[in-house]
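Undergrad: Sharing upload22.pdb below, PDB, C-alpha atoms, pLDDT in the B column:
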```pdb
MODEL        1
ATOM      1  CA  MET A   1       0.000   0.000   0.000  1.00 64.00           C
ATOM      2  CA  GLU A   2       1.505   3.297  -1.019  1.00 74.00           C
ATOM      3  CA  ILE A   3       0.958   5.947   1.627  1.00 79.00           C
ATOM      4  CA  TYR A   4       2.286   9.426   2.160  1.00 86.00           C
ATOM      5  CA  LEU A   5       4.009  10.326   5.406  1.00 86.00           C
ATOM      6  CA  HIS A   6       1.535  13.119   6.154  1.00 89.00           C
ATOM      7  CA  ASN A   7      -1.341  10.566   6.042  1.00 90.00           C
ATOM      8  CA  LEU A   8       0.363   8.087   8.353  1.00 91.00           C
ATOM      9  CA  PRO A   9      -1.130   9.353  11.658  1.00 91.00           C
ATOM     10  CA  CYS A  10      -4.671   8.998  10.278  1.00 92.00           C
ATOM     11  CA  ILE A  11      -3.935   5.501   9.003  1.00 92.00           C
ATOM     12  CA  ILE A  12      -2.454   4.432  12.333  1.00 93.00           C
ATOM     13  CA  HIS A  13      -5.441   5.913  14.163  1.00 93.00           C
ATOM     14  CA  ALA A  14      -7.823   4.008  11.875  1.00 93.00           C
ATOM     15  CA  CYS A  15      -5.922   0.783  12.656  1.00 91.00           C
ATOM     16  CA  PHE A  16      -6.278   1.461  16.402  1.00 92.00           C
ATOM     17  CA  ILE A  17     -10.011   2.005  15.994  1.00 92.00           C
ATOM     18  CA  LEU A  18     -10.447  -1.170  13.934  1.00 90.00           C
ATOM     19  CA  HIS A  19      -8.401  -3.180  16.433  1.00 90.00           C
ATOM     20  CA  ASN A  20     -10.439  -1.864  19.369  1.00 91.00           C
ATOM     21  CA  HIS A  21     -13.701  -2.579  17.537  1.00 91.00           C
ATOM     22  CA  CYS A  22     -12.594  -6.172  16.915  1.00 88.00           C
ATOM     23  CA  GLU A  23     -11.535  -6.588  20.542  1.00 89.00           C
ATOM     24  CA  VAL A  24     -14.850  -5.234  21.906  1.00 90.00           C
ATOM     25  CA  ASN A  25     -16.851  -7.479  19.576  1.00 90.00           C
ATOM     26  CA  ASN A  26     -14.602 -10.503  20.169  1.00 89.00           C
ATOM     27  CA  ASN A  27     -13.747 -10.777  16.458  1.00 88.00           C
ATOM     28  CA  SER A  28     -10.628 -12.506  15.245  1.00 85.00           C
ATOM     29  CA  VAL A  29      -8.944 -13.321  11.950  1.00 84.00           C
ATOM     30  CA  GLN A  30      -8.520 -16.936  10.995  1.00 88.00           C
ATOM     31  CA  PRO A  31      -4.846 -17.963  10.748  1.00 89.00           C
ATOM     32  CA  THR A  32      -5.415 -19.326   7.227  1.00 92.00           C
ATOM     33  CA  LEU A  33      -6.503 -15.855   6.047  1.00 90.00           C
ATOM     34  CA  VAL A  34      -3.384 -14.296   7.572  1.00 89.00           C
ATOM     35  CA  GLU A  35      -1.180 -16.861   5.836  1.00 92.00           C
ATOM     36  CA  GLU A  36      -2.966 -16.254   2.522  1.00 93.00           C
ATOM     37  CA  ALA A  37      -2.437 -12.489   2.816  1.00 89.00           C
ATOM     38  CA  GLN A  38       1.257 -13.007   3.618  1.00 89.00           C
ATOM     39  CA  ARG A  39       1.705 -15.248   0.562  1.00 90.00           C
ATOM     40  CA  TYR A  40       0.012 -12.625  -1.605  1.00 89.00           C
ATOM     41  CA  ASP A  41       2.271  -9.883  -0.234  1.00 84.00           C
ATOM     42  CA  ARG A  42       5.411 -11.895  -0.902  1.00 84.00           C
ATOM     43  CA  GLN A  43       4.288 -12.712  -4.443  1.00 86.00           C
ATOM     44  CA  PHE A  44       2.808  -9.453  -5.714  1.00 83.00           C
ATOM     45  CA  GLN A  45       4.089  -6.536  -3.678  1.00 76.00           C
ATOM     46  CA  PRO A  46       6.969  -4.540  -5.151  1.00 74.00           C
ATOM     47  CA  ALA A  47      10.165  -4.133  -3.216  1.00 72.00           C
ATOM     48  CA  THR A  48      10.004  -1.415  -0.602  1.00 70.00           C
ATOM     49  CA  VAL A  49      11.791   1.760  -1.609  1.00 69.00           C
ATOM     50  CA  VAL A  50      12.320   4.442   1.012  1.00 65.00           C
ATOM     51  CA  THR A  51      11.916   7.798  -0.688  1.00 65.00           C
ATOM     52  CA  GLN A  52      11.755  10.001   2.377  1.00 64.00           C
ATOM     53  CA  GLN A  53      13.347   9.664   5.753  1.00 63.00           C
ATOM     54  CA  SER A  54      12.330  11.558   8.840  1.00 59.00           C
ATOM     55  CA  ASN A  55      14.686  12.711  11.550  1.00 60.00           C
ATOM     56  CA  ALA A  56      13.350  11.504  14.915  1.00 57.00           C
ATOM     57  CA  ASN A  57      13.959  14.977  16.370  1.00 64.00           C
ATOM     58  CA  SER A  58      12.194  16.820  13.564  1.00 76.00           C
ATOM     59  CA  ALA A  59       8.956  18.718  14.060  1.00 79.00           C
ATOM     60  CA  GLU A  60       7.100  15.924  12.227  1.00 78.00           C
ATOM     61  CA  GLY A  61       8.541  13.303  14.571  1.00 77.00           C
ATOM     62  CA  LYS A  62       7.517  15.352  17.591  1.00 81.00           C
ATOM     63  CA  ARG A  63       4.018  15.803  16.168  1.00 82.00           C
ATOM     64  CA  ILE A  64       3.631  12.058  15.652  1.00 81.00           C
ATOM     65  CA  ARG A  65       4.848  11.345  19.188  1.00 81.00           C
ATOM     66  CA  GLN A  66       2.234  13.798  20.491  1.00 84.00           C
ATOM     67  CA  ILE A  67      -0.488  11.897  18.608  1.00 85.00           C
ATOM     68  CA  PHE A  68       0.558   8.650  20.288  1.00 83.00           C
ATOM     69  CA  LEU A  69       0.845  10.352  23.663  1.00 82.00           C
ATOM     70  CA  LYS A  70      -2.683  11.792  23.440  1.00 84.00           C
ATOM     71  CA  TYR A  71      -4.087   8.433  22.351  1.00 81.00           C
ATOM     72  CA  PHE A  72      -2.503   6.418  25.139  1.00 77.00           C
ATOM     73  CA  MET A  73      -3.190   8.928  27.930  1.00 73.00           C
TER      74      MET A  73
ENDMDL
END
```
In structure tokens, write the structure found in this file.

TA:
Amino acid sequence: MEIYLHNLPCIIHACFILHNHCEVNNNSVQPTLVEEAQRYDRQFQPATVVTQQSNANSAEGKRIRQIFLKYFM
């Protein structure tokens, strides 16, 4: 999945929400479906190419840490 760094906090937040929804409703993923998805990824996904790196002390890094901090507090 190609994503842009500025969209990453929203994507992570959506994953948290989906995970919590599954936990509350006692939903789980069958191991066979996980294995099938992993096989697909290995077969069809292009090699990962890092086009942008972020300095952990940059303003963007601090903003992302604040998002996690607010979520977990």

Undergrad: What is the distance between CA of Ala14 in chain A and CA of Tyr71 in chain A, in Å to one decimal?

TA: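 Those two atoms sit 12.0 Å apart.
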
Undergrad: Calculate how many Å separate CA of Ser58 in chain A from CA of His6 in chain A, rounding to one decimal.

TA: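 The value is 13.5 Å.
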
Undergrad: Evaluate the PyMOL selection byres ((chain A and resi 68) around 12) on the structure here and hand back the selected residues as an NGL selection string.

TA: :A and (8-10 or 12-13 or 16 or 61-67 or 69-73)

Undergrad: Those residues you just picked out, can you put them in a file as a compact mmCIF listing (two decimals), in the frame of the given file with C-alpha atoms?

TA:
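Okay, this is what ended up in part.txt:
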```
# COMPACT_ATOMS: atom_id res chain seq x y z
CA LEU A 8 0.36 8.09 8.35
CA PRO A 9 -1.13 9.35 11.66
CA CYS A 10 -4.67 9.00 10.28
CA ILE A 12 -2.45 4.43 12.33
CA HIS A 13 -5.44 5.91 14.16
CA PHE A 16 -6.28 1.46 16.40
CA GLY A 61 8.54 13.30 14.57
CA LYS A 62 7.52 15.35 17.59
CA ARG A 63 4.02 15.80 16.17
CA ILE A 64 3.63 12.06 15.65
CA ARG A 65 4.85 11.34 19.19
CA GLN A 66 2.23 13.80 20.49
CA ILE A 67 -0.49 11.90 18.61
CA LEU A 69 0.84 10.35 23.66
CA LYS A 70 -2.68 11.79 23.44
CA TYR A 71 -4.09 8.43 22.35
CA PHE A 72 -2.50 6.42 25.14
CA MET A 73 -3.19 8.93 27.93
```

Undergrad: Interatomic distance between CA of Ala59 in chain A and CA of Ile11 in chain A?

TA: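 Distance between the two atoms: 19.1 Å.
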